[in-house]
>>> print(open('my_file_35.csv').read())   # CSV, N, CA and C atoms
chain,number,residue,atom,x,y,z
A,205,VAL,N,48.5,-50.6,18.8
A,205,VAL,CA,48.4,-49.6,17.8
A,205,VAL,C,49.5,-48.6,18.0
A,206,GLN,N,50.2,-48.2,16.9
A,206,GLN,CA,51.2,-47.2,17.0
A,206,GLN,C,51.0,-46.1,16.0
A,207,LEU,N,51.3,-44.9,16.3
A,207,LEU,CA,51.1,-43.8,15.4
A,207,LEU,C,52.5,-43.1,15.3
A,208,GLN,N,52.9,-42.8,14.0
A,208,GLN,CA,54.1,-42.1,13.8
A,208,GLN,C,53.9,-40.8,13.0
A,209,ALA,N,54.1,-39.7,13.7
A,209,ALA,CA,53.9,-38.4,13.1
A,209,ALA,C,55.2,-37.9,12.5
A,210,SER,N,55.2,-37.2,11.4
A,210,SER,CA,56.4,-36.7,10.8
A,210,SER,C,56.0,-35.5,9.9
A,211,GLY,N,57.0,-34.8,9.4
A,211,GLY,CA,56.8,-33.7,8.5
A,211,GLY,C,57.0,-32.3,9.0
A,212,GLY,N,57.2,-32.2,10.3
A,212,GLY,CA,57.4,-30.9,10.9
A,212,GLY,C,58.7,-30.3,10.5
A,213,GLY,N,58.9,-29.0,10.9
A,213,GLY,CA,60.1,-28.3,10.5
A,213,GLY,C,60.0,-26.8,10.8
A,214,LEU,N,60.9,-26.1,10.2
A,214,LEU,CA,61.0,-24.6,10.3
A,214,LEU,C,60.6,-24.0,9.0
A,215,VAL,N,59.6,-23.1,9.0
A,215,VAL,CA,59.1,-22.5,7.8
A,215,VAL,C,58.9,-21.0,8.1
A,216,TYR,N,59.0,-20.3,7.0
A,216,TYR,CA,58.7,-18.8,7.1
A,216,TYR,C,57.2,-18.6,7.2
A,217,PRO,N,56.8,-17.5,7.7
A,217,PRO,CA,55.3,-17.2,7.7
A,217,PRO,C,54.8,-17.1,6.3
A,218,GLY,N,53.7,-17.7,6.1
A,218,GLY,CA,53.1,-17.8,4.7
A,218,GLY,C,53.5,-19.1,4.0
A,219,GLY,N,54.4,-19.8,4.6
A,219,GLY,CA,54.8,-21.1,3.9
A,219,GLY,C,53.9,-22.2,4.2
A,220,SER,N,54.3,-23.4,3.7
A,220,SER,CA,53.5,-24.6,3.9
A,220,SER,C,54.3,-25.8,4.4
A,221,LEU,N,53.6,-26.7,5.0
A,221,LEU,CA,54.1,-27.9,5.5
A,221,LEU,C,53.0,-29.0,5.3
A,222,ARG,N,53.5,-30.2,5.1
A,222,ARG,CA,52.5,-31.4,5.2
A,222,ARG,C,53.0,-32.4,6.2
A,223,LEU,N,52.1,-32.5,7.2
A,223,LEU,CA,52.4,-33.5,8.2
A,223,LEU,C,51.7,-34.9,7.8
A,224,SER,N,52.4,-35.9,8.2
A,224,SER,CA,51.9,-37.3,8.0
A,224,SER,C,51.8,-38.0,9.3
A,225,CYS,N,50.8,-38.9,9.4
A,225,CYS,CA,50.5,-39.7,10.5
A,225,CYS,C,50.3,-41.1,10.0
A,226,VAL,N,51.2,-42.0,10.2
A,226,VAL,CA,51.1,-43.4,9.8
A,226,VAL,C,50.7,-44.3,11.0
A,227,ALA,N,49.6,-45.0,10.8
A,227,ALA,CA,49.1,-45.9,11.8
A,227,ALA,C,49.4,-47.3,11.5
A,228,SER,N,49.8,-48.0,12.5
A,228,SER,CA,50.1,-49.4,12.4
A,228,SER,C,49.3,-50.2,13.5
A,229,GLY,N,48.8,-51.3,13.2
A,229,GLY,CA,48.0,-52.1,14.1
A,229,GLY,C,46.5,-51.8,14.1
A,230,ARG,N,46.1,-50.9,13.2
A,230,ARG,CA,44.7,-50.6,13.1
A,230,ARG,C,44.4,-50.0,11.8
A,231,THR,N,43.4,-50.5,11.1
A,231,THR,CA,43.1,-49.9,9.8
A,231,THR,C,42.3,-48.6,10.0
A,232,LEU,N,42.6,-47.6,9.1
A,232,LEU,CA,41.9,-46.3,9.3
A,232,LEU,C,40.5,-46.3,8.9
A,233,SER,N,40.1,-47.2,8.1
A,233,SER,CA,38.7,-47.1,7.5
A,233,SER,C,37.6,-47.2,8.5
A,234,SER,N,37.9,-47.7,9.7
A,234,SER,CA,36.9,-47.8,10.8
A,234,SER,C,37.3,-46.9,12.0
A,235,SER,N,38.2,-46.0,11.7
A,235,SER,CA,38.8,-45.1,12.8
A,235,SER,C,38.6,-43.7,12.5
A,236,THR,N,39.0,-42.9,13.4
A,236,THR,CA,39.1,-41.4,13.3
A,236,THR,C,40.5,-41.0,13.7
A,237,ILE,N,41.1,-40.1,12.9
A,237,ILE,CA,42.4,-39.6,13.2
A,237,ILE,C,42.2,-38.1,13.5
A,238,GLY,N,42.8,-37.7,14.6
A,238,GLY,CA,42.8,-36.2,14.9
A,238,GLY,C,44.2,-35.7,15.0
A,239,TRP,N,44.3,-34.4,14.8
A,239,TRP,CA,45.5,-33.7,15.0
A,239,TRP,C,45.3,-32.6,16.1
A,240,PHE,N,46.2,-32.6,17.1
A,240,PHE,CA,46.1,-31.6,18.1
A,240,PHE,C,47.5,-30.9,18.2
A,241,ARG,N,47.6,-29.8,18.8
A,241,ARG,CA,48.9,-29.1,18.9
A,241,ARG,C,49.0,-28.5,20.3
A,242,LEU,N,50.3,-28.5,20.7
A,242,LEU,CA,50.6,-28.0,22.0
A,242,LEU,C,51.7,-26.9,21.9
A,243,ALA,N,51.3,-25.7,22.2
A,243,ALA,CA,52.3,-24.5,22.1
A,243,ALA,C,52.7,-24.1,23.5
A,244,PRO,N,53.9,-23.5,23.6
A,244,PRO,CA,54.4,-23.1,24.9
A,244,PRO,C,53.4,-22.2,25.6
A,245,GLY,N,53.0,-22.5,26.9
A,245,GLY,CA,52.1,-21.7,27.6
A,245,GLY,C,50.7,-21.9,27.3
A,246,LYS,N,50.4,-22.8,26.5
A,246,LYS,CA,49.0,-23.1,26.1
A,246,LYS,C,48.6,-24.5,26.3
A,247,GLY,N,47.3,-24.8,26.5
A,247,GLY,CA,46.9,-26.2,26.6
A,247,GLY,C,46.9,-26.8,25.2
A,248,ARG,N,46.7,-28.1,25.2
A,248,ARG,CA,46.7,-28.8,23.9
A,248,ARG,C,45.4,-28.5,23.2
A,249,GLN,N,45.5,-28.1,21.9
A,249,GLN,CA,44.3,-27.6,21.2
A,249,GLN,C,44.0,-28.5,20.0
A,250,PHE,N,42.8,-28.7,19.8
A,250,PHE,CA,42.3,-29.4,18.6
A,250,PHE,C,42.7,-28.6,17.3
A,251,VAL,N,43.1,-29.4,16.3
A,251,VAL,CA,43.4,-28.7,15.0
A,251,VAL,C,42.5,-29.2,13.9
A,252,ALA,N,42.5,-30.5,13.7
A,252,ALA,CA,41.6,-31.1,12.6
A,252,ALA,C,41.5,-32.6,12.8
A,253,ALA,N,40.5,-33.1,12.2
A,253,ALA,CA,40.2,-34.6,12.3
A,253,ALA,C,39.5,-35.1,11.1
A,254,VAL,N,39.7,-36.4,10.8
A,254,VAL,CA,39.0,-37.0,9.7
A,254,VAL,C,38.6,-38.4,10.0
A,255,ARG,N,37.5,-38.8,9.6
A,255,ARG,CA,37.1,-40.2,9.7
A,255,ARG,C,37.9,-41.0,8.6
A,256,GLY,N,38.1,-42.3,8.9
A,256,GLY,CA,38.9,-43.1,8.0
A,256,GLY,C,38.3,-43.1,6.6
A,257,SER,N,37.0,-42.9,6.5
A,257,SER,CA,36.4,-42.8,5.1
A,257,SER,C,36.9,-41.6,4.3
A,258,GLY,N,37.3,-40.6,5.1
A,258,GLY,CA,37.8,-39.4,4.4
A,258,GLY,C,36.6,-38.4,4.1
A,259,ARG,N,35.4,-38.8,4.3
A,259,ARG,CA,34.3,-37.9,3.9
A,259,ARG,C,33.9,-37.0,5.0
A,260,ILE,N,34.2,-37.3,6.3
A,260,ILE,CA,33.8,-36.4,7.4
A,260,ILE,C,35.0,-35.8,8.0
A,261,THR,N,35.1,-34.5,8.0
A,261,THR,CA,36.2,-33.8,8.6
A,261,THR,C,35.7,-32.7,9.6
A,262,ASN,N,36.6,-32.2,10.4
A,262,ASN,CA,36.3,-31.1,11.3
A,262,ASN,C,37.6,-30.3,11.4
A,263,PHE,N,37.5,-29.0,11.6
A,263,PHE,CA,38.7,-28.2,11.7
A,263,PHE,C,38.4,-27.1,12.8
A,264,ALA,N,39.5,-26.8,13.5
A,264,ALA,CA,39.4,-25.6,14.4
A,264,ALA,C,39.2,-24.4,13.5
A,265,ARG,N,38.5,-23.4,14.1
A,265,ARG,CA,38.2,-22.2,13.4
A,265,ARG,C,39.4,-21.5,12.9
A,266,SER,N,40.5,-21.5,13.7
A,266,SER,CA,41.7,-20.8,13.4
A,266,SER,C,42.4,-21.3,12.2
A,267,VAL,N,42.1,-22.6,11.8
A,267,VAL,CA,42.9,-23.2,10.7
A,267,VAL,C,42.0,-23.5,9.5
A,268,LYS,N,40.7,-23.3,9.6
A,268,LYS,CA,39.7,-23.9,8.7
A,268,LYS,C,40.0,-23.5,7.2
A,269,ASP,N,40.4,-22.3,7.0
A,269,ASP,CA,40.6,-21.8,5.7
A,269,ASP,C,42.0,-22.0,5.2
A,270,ARG,N,42.9,-22.6,6.0
A,270,ARG,CA,44.3,-22.7,5.6
A,270,ARG,C,44.8,-24.2,5.6
A,271,PHE,N,44.1,-25.0,6.4
A,271,PHE,CA,44.6,-26.4,6.5
A,271,PHE,C,43.6,-27.4,5.8
A,272,THR,N,44.1,-28.5,5.3
A,272,THR,CA,43.2,-29.5,4.8
A,272,THR,C,43.7,-30.8,5.4
A,273,ILE,N,42.8,-31.8,5.5
A,273,ILE,CA,43.2,-33.1,6.0
A,273,ILE,C,42.6,-34.2,5.1
A,274,SER,N,43.4,-35.2,4.9
A,274,SER,CA,43.0,-36.3,4.0
A,274,SER,C,43.5,-37.6,4.5
A,275,SER,N,42.9,-38.7,4.1
A,275,SER,CA,43.2,-40.0,4.5
A,275,SER,C,43.5,-40.9,3.3
A,276,ASP,N,44.6,-41.6,3.4
A,276,ASP,CA,45.0,-42.6,2.4
A,276,ASP,C,45.0,-43.9,3.0
A,277,ASN,N,43.9,-44.6,2.9
A,277,ASN,CA,43.7,-45.9,3.6
A,277,ASN,C,44.6,-47.0,3.0
A,278,ASP,N,45.0,-46.9,1.8
A,278,ASP,CA,46.0,-47.9,1.2
A,278,ASP,C,47.3,-47.8,2.0
A,279,ARG,N,47.7,-46.6,2.4
A,279,ARG,CA,48.9,-46.4,3.1
A,279,ARG,C,48.7,-46.3,4.6
A,280,ASN,N,47.5,-46.4,5.0
A,280,ASN,CA,47.1,-46.2,6.4
A,280,ASN,C,47.7,-44.9,7.0
A,281,THR,N,47.6,-43.9,6.2
A,281,THR,CA,48.2,-42.6,6.6
A,281,THR,C,47.2,-41.5,6.4
A,282,VAL,N,47.3,-40.5,7.4
A,282,VAL,CA,46.5,-39.3,7.3
A,282,VAL,C,47.5,-38.1,7.1
A,283,PHE,N,47.1,-37.2,6.2
A,283,PHE,CA,48.0,-36.1,5.9
A,283,PHE,C,47.3,-34.8,6.4
A,284,LEU,N,48.0,-33.9,7.0
A,284,LEU,CA,47.6,-32.6,7.4
A,284,LEU,C,48.4,-31.6,6.5
A,285,GLN,N,47.7,-31.0,5.5
A,285,GLN,CA,48.4,-30.0,4.7
A,285,GLN,C,48.1,-28.6,5.3
A,286,MET,N,49.2,-28.0,5.6
A,286,MET,CA,49.1,-26.7,6.3
A,286,MET,C,49.7,-25.6,5.4
A,287,ASN,N,48.8,-24.7,5.0
A,287,ASN,CA,49.2,-23.6,4.1
A,287,ASN,C,49.0,-22.3,4.8
A,288,ARG,N,49.7,-21.2,4.3
A,288,ARG,CA,49.7,-19.9,4.9
A,288,ARG,C,49.9,-19.9,6.4
A,289,LEU,N,51.0,-20.6,6.7
A,289,LEU,CA,51.3,-20.7,8.1
A,289,LEU,C,51.6,-19.4,8.8
A,290,GLU,N,51.3,-19.3,10.0
A,290,GLU,CA,51.4,-18.1,10.8
A,290,GLU,C,52.3,-18.4,12.1
A,291,ALA,N,52.8,-17.4,12.7
A,291,ALA,CA,53.6,-17.6,13.9
A,291,ALA,C,52.8,-18.4,15.0
A,292,ASP,N,51.5,-18.1,15.1
A,292,ASP,CA,50.7,-18.7,16.1
A,292,ASP,C,50.5,-20.2,15.8
A,293,ASP,N,50.9,-20.7,14.7
A,293,ASP,CA,50.8,-22.1,14.4
A,293,ASP,C,52.0,-22.9,15.0
A,294,THR,N,52.9,-22.2,15.5
A,294,THR,CA,54.1,-22.8,16.1
A,294,THR,C,53.7,-23.7,17.3
A,295,ALA,N,54.0,-25.0,17.2
A,295,ALA,CA,53.6,-25.9,18.3
A,295,ALA,C,54.2,-27.3,18.0
A,296,VAL,N,54.1,-28.2,18.9
A,296,VAL,CA,54.3,-29.6,18.7
A,296,VAL,C,52.9,-30.2,18.2
A,297,TYR,N,52.9,-30.8,17.1
A,297,TYR,CA,51.7,-31.4,16.6
A,297,TYR,C,51.6,-32.9,16.8
A,298,TYR,N,50.5,-33.3,17.4
A,298,TYR,CA,50.3,-34.7,17.7
A,298,TYR,C,49.1,-35.3,16.9
A,299,CYS,N,49.3,-36.5,16.4
A,299,CYS,CA,48.1,-37.2,15.8
A,299,CYS,C,47.6,-38.2,16.9
A,300,ALA,N,46.4,-38.5,16.8
A,300,ALA,CA,45.7,-39.4,17.7
A,300,ALA,C,44.7,-40.2,16.9
A,301,LEU,N,44.4,-41.4,17.4
A,301,LEU,CA,43.5,-42.3,16.8
A,301,LEU,C,42.4,-42.7,17.7
A,302,SER,N,41.2,-42.7,17.2
A,302,SER,CA,40.0,-43.2,17.9
A,302,SER,C,39.6,-44.5,17.2
A,303,GLY,N,39.3,-45.5,17.9
A,303,GLY,CA,38.8,-46.7,17.3
A,303,GLY,C,37.4,-46.7,16.8
A,304,ARG,N,36.8,-45.5,16.9
A,304,ARG,CA,35.4,-45.3,16.5
A,304,ARG,C,35.3,-44.2,15.4
A,305,GLN,N,34.3,-44.3,14.6
A,305,GLN,CA,34.0,-43.2,13.7
A,305,GLN,C,33.3,-42.1,14.4
A,306,LEU,N,34.0,-41.1,14.8
A,306,LEU,CA,33.4,-40.1,15.7
A,306,LEU,C,32.5,-39.1,15.0
A,307,ILE,N,31.5,-38.6,15.7
A,307,ILE,CA,30.8,-37.5,15.2
A,307,ILE,C,31.6,-36.2,15.3
A,308,THR,N,31.3,-35.2,14.5
A,308,THR,CA,32.2,-34.1,14.5
A,308,THR,C,32.4,-33.4,15.9
A,309,SER,N,31.3,-33.4,16.6
A,309,SER,CA,31.4,-32.7,17.9
A,309,SER,C,32.3,-33.4,18.9
A,310,SER,N,32.5,-34.7,18.7
A,310,SER,CA,33.4,-35.5,19.6
A,310,SER,C,34.8,-35.4,19.1
A,311,MET,N,35.1,-35.1,17.8
A,311,MET,CA,36.4,-35.0,17.3
A,311,MET,C,37.3,-34.0,18.0
A,312,VAL,N,36.7,-33.0,18.6
A,312,VAL,CA,37.5,-31.9,19.2
A,312,VAL,C,38.0,-32.3,20.6
A,313,THR,N,37.6,-33.4,21.1
A,313,THR,CA,37.9,-33.7,22.5
A,313,THR,C,39.0,-34.7,22.7
A,314,GLU,N,40.0,-34.4,23.4
A,314,GLU,CA,41.1,-35.3,23.6
A,314,GLU,C,40.7,-36.7,24.1
A,315,SER,N,39.8,-36.7,25.0
A,315,SER,CA,39.4,-38.0,25.6
A,315,SER,C,38.6,-38.9,24.6
A,316,SER,N,38.3,-38.4,23.5
A,316,SER,CA,37.7,-39.3,22.4
A,316,SER,C,38.7,-40.2,21.8
A,317,TYR,N,39.9,-40.0,22.0
A,317,TYR,CA,41.0,-40.7,21.3
A,317,TYR,C,41.7,-41.7,22.2
A,318,ASP,N,42.0,-42.9,21.6
A,318,ASP,CA,42.5,-44.0,22.3
A,318,ASP,C,44.1,-44.1,22.3
A,319,TYR,N,44.6,-43.6,21.2
A,319,TYR,CA,46.1,-43.7,21.0
A,319,TYR,C,46.7,-42.4,20.5
A,320,TRP,N,47.9,-42.1,20.9
A,320,TRP,CA,48.6,-40.9,20.6
A,320,TRP,C,50.0,-41.2,20.0
A,321,GLY,N,50.3,-40.3,19.0
A,321,GLY,CA,51.7,-40.4,18.5
A,321,GLY,C,52.6,-39.5,19.3
A,322,GLN,N,53.9,-39.5,18.9
A,322,GLN,CA,54.9,-38.8,19.7
A,322,GLN,C,55.0,-37.3,19.4
A,323,GLY,N,54.5,-36.8,18.4
A,323,GLY,CA,54.5,-35.4,18.1
A,323,GLY,C,55.6,-35.0,17.2
A,324,THR,N,55.4,-33.9,16.4
A,324,THR,CA,56.4,-33.4,15.5
A,324,THR,C,56.3,-31.8,15.6
A,325,GLN,N,57.5,-31.2,15.7
A,325,GLN,CA,57.6,-29.8,15.9
A,325,GLN,C,57.4,-29.0,14.7
A,326,VAL,N,56.6,-28.0,14.7
A,326,VAL,CA,56.4,-27.1,13.7
A,326,VAL,C,56.7,-25.7,14.2
A,327,THR,N,57.7,-25.0,13.5
A,327,THR,CA,58.1,-23.7,13.9
A,327,THR,C,57.9,-22.7,12.8
A,328,VAL,N,57.1,-21.7,13.0
A,328,VAL,CA,56.9,-20.7,11.9
A,328,VAL,C,57.6,-19.4,12.4
A,329,SER,N,58.6,-19.0,11.7
A,329,SER,CA,59.4,-17.9,12.1
A,329,SER,C,60.2,-17.3,10.9
A,330,SER,N,60.4,-16.0,11.0
A,330,SER,CA,61.2,-15.3,9.9
A,330,SER,C,62.6,-15.2,10.5
>>> encode(input="my_file_35.csv", output="structure tokens")
Amino acid sequence: VQLQASGGGLVYPGGSLRLSCVASGRTLSSSTIGWFRLAPGKGRQFVAAVRGSGRITNFARSVKDRFTISSDNDRNTVFLQMNRLEADDTAVYYCALSGRQLITSSMVTESSYDYWGQGTQVTVSS
């Protein structure tokens, strides 16, 4: 299984970015994809996750009203739409895949995931 994350970049505060995570070697319909981020001086934090069905999602409280997550199973891709970005959102964003359809409480835990992508940098700055 390989995960390819992309879509990061430099954006002004209040701007938007859409991250993509393409999975190969595993269909999303029976999996869970999570996004985590790692900022300088901080541990890796859970951001959002979605089951392959697209019907069950979970978000960190800090992004819940600004980010959305969706799954396109035809393209085996998960999208993280990030709106109203803030400086505190600056981090390297990683997508991860679990071979199970996780319950929401398990989605927030790194150890629930079996595979990790390489990360994409998001910088929010004026």
>>> atom_distance(input="my_file_35.csv", atom1="atom CA of A:Val251", atom2="atom C of A:Ala264")
6.2 Å
>>> residues_around(input="my_file_35.csv", residues="A:Tyr298", least_positions_apart="6", cutoff="5 Å", atoms="only N, CA and C atoms", output="PyMOL selection string")
chain A and resi 239-241+323
>>> residues_around(input="my_file_35.csv", residues="stretch 308-317 of chain A", least_positions_apart="4", cutoff="12 Å", atoms="only C-alpha atoms", output="PyMOL selection string")
chain A and resi 235-241+247-255+259-265+298-304+321
>>> closest_residue(input="my_file_35.csv", among="A:Ser220, A:Ala227, A:Leu284, A:Ser266", to="A:Gln208", atoms="only C-alpha atoms")
A:Ala227
>>> atom_distance(input="my_file_35.csv", atom1="atom CA of A:Gly213", atom2="atom CA of A:Thr294")
9.9 Å
>>> atom_distance(input="my_file_35.csv", atom1="atom N of A:Arg270", atom2="atom CA of A:Leu289")
8.9 Å
>>> closest_residue(input="my_file_35.csv", among="A:Gly218, A:Gly245, A:Gly212, A:Gly256", to="A:Ser233", atoms="all atoms listed in the file")
A:Gly256
>>> closest_residue(input="my_file_35.csv", among="A:Arg222, A:Arg230, A:Arg288, A:Lys268", to="A:Ser210", atoms="all atoms listed in the file")
A:Arg222
>>> select_by_dssp(input="my_file_35.csv", residues="chain A", states="alpha helix (DSSP H)", output="ChimeraX atom specification")
/A:308-311
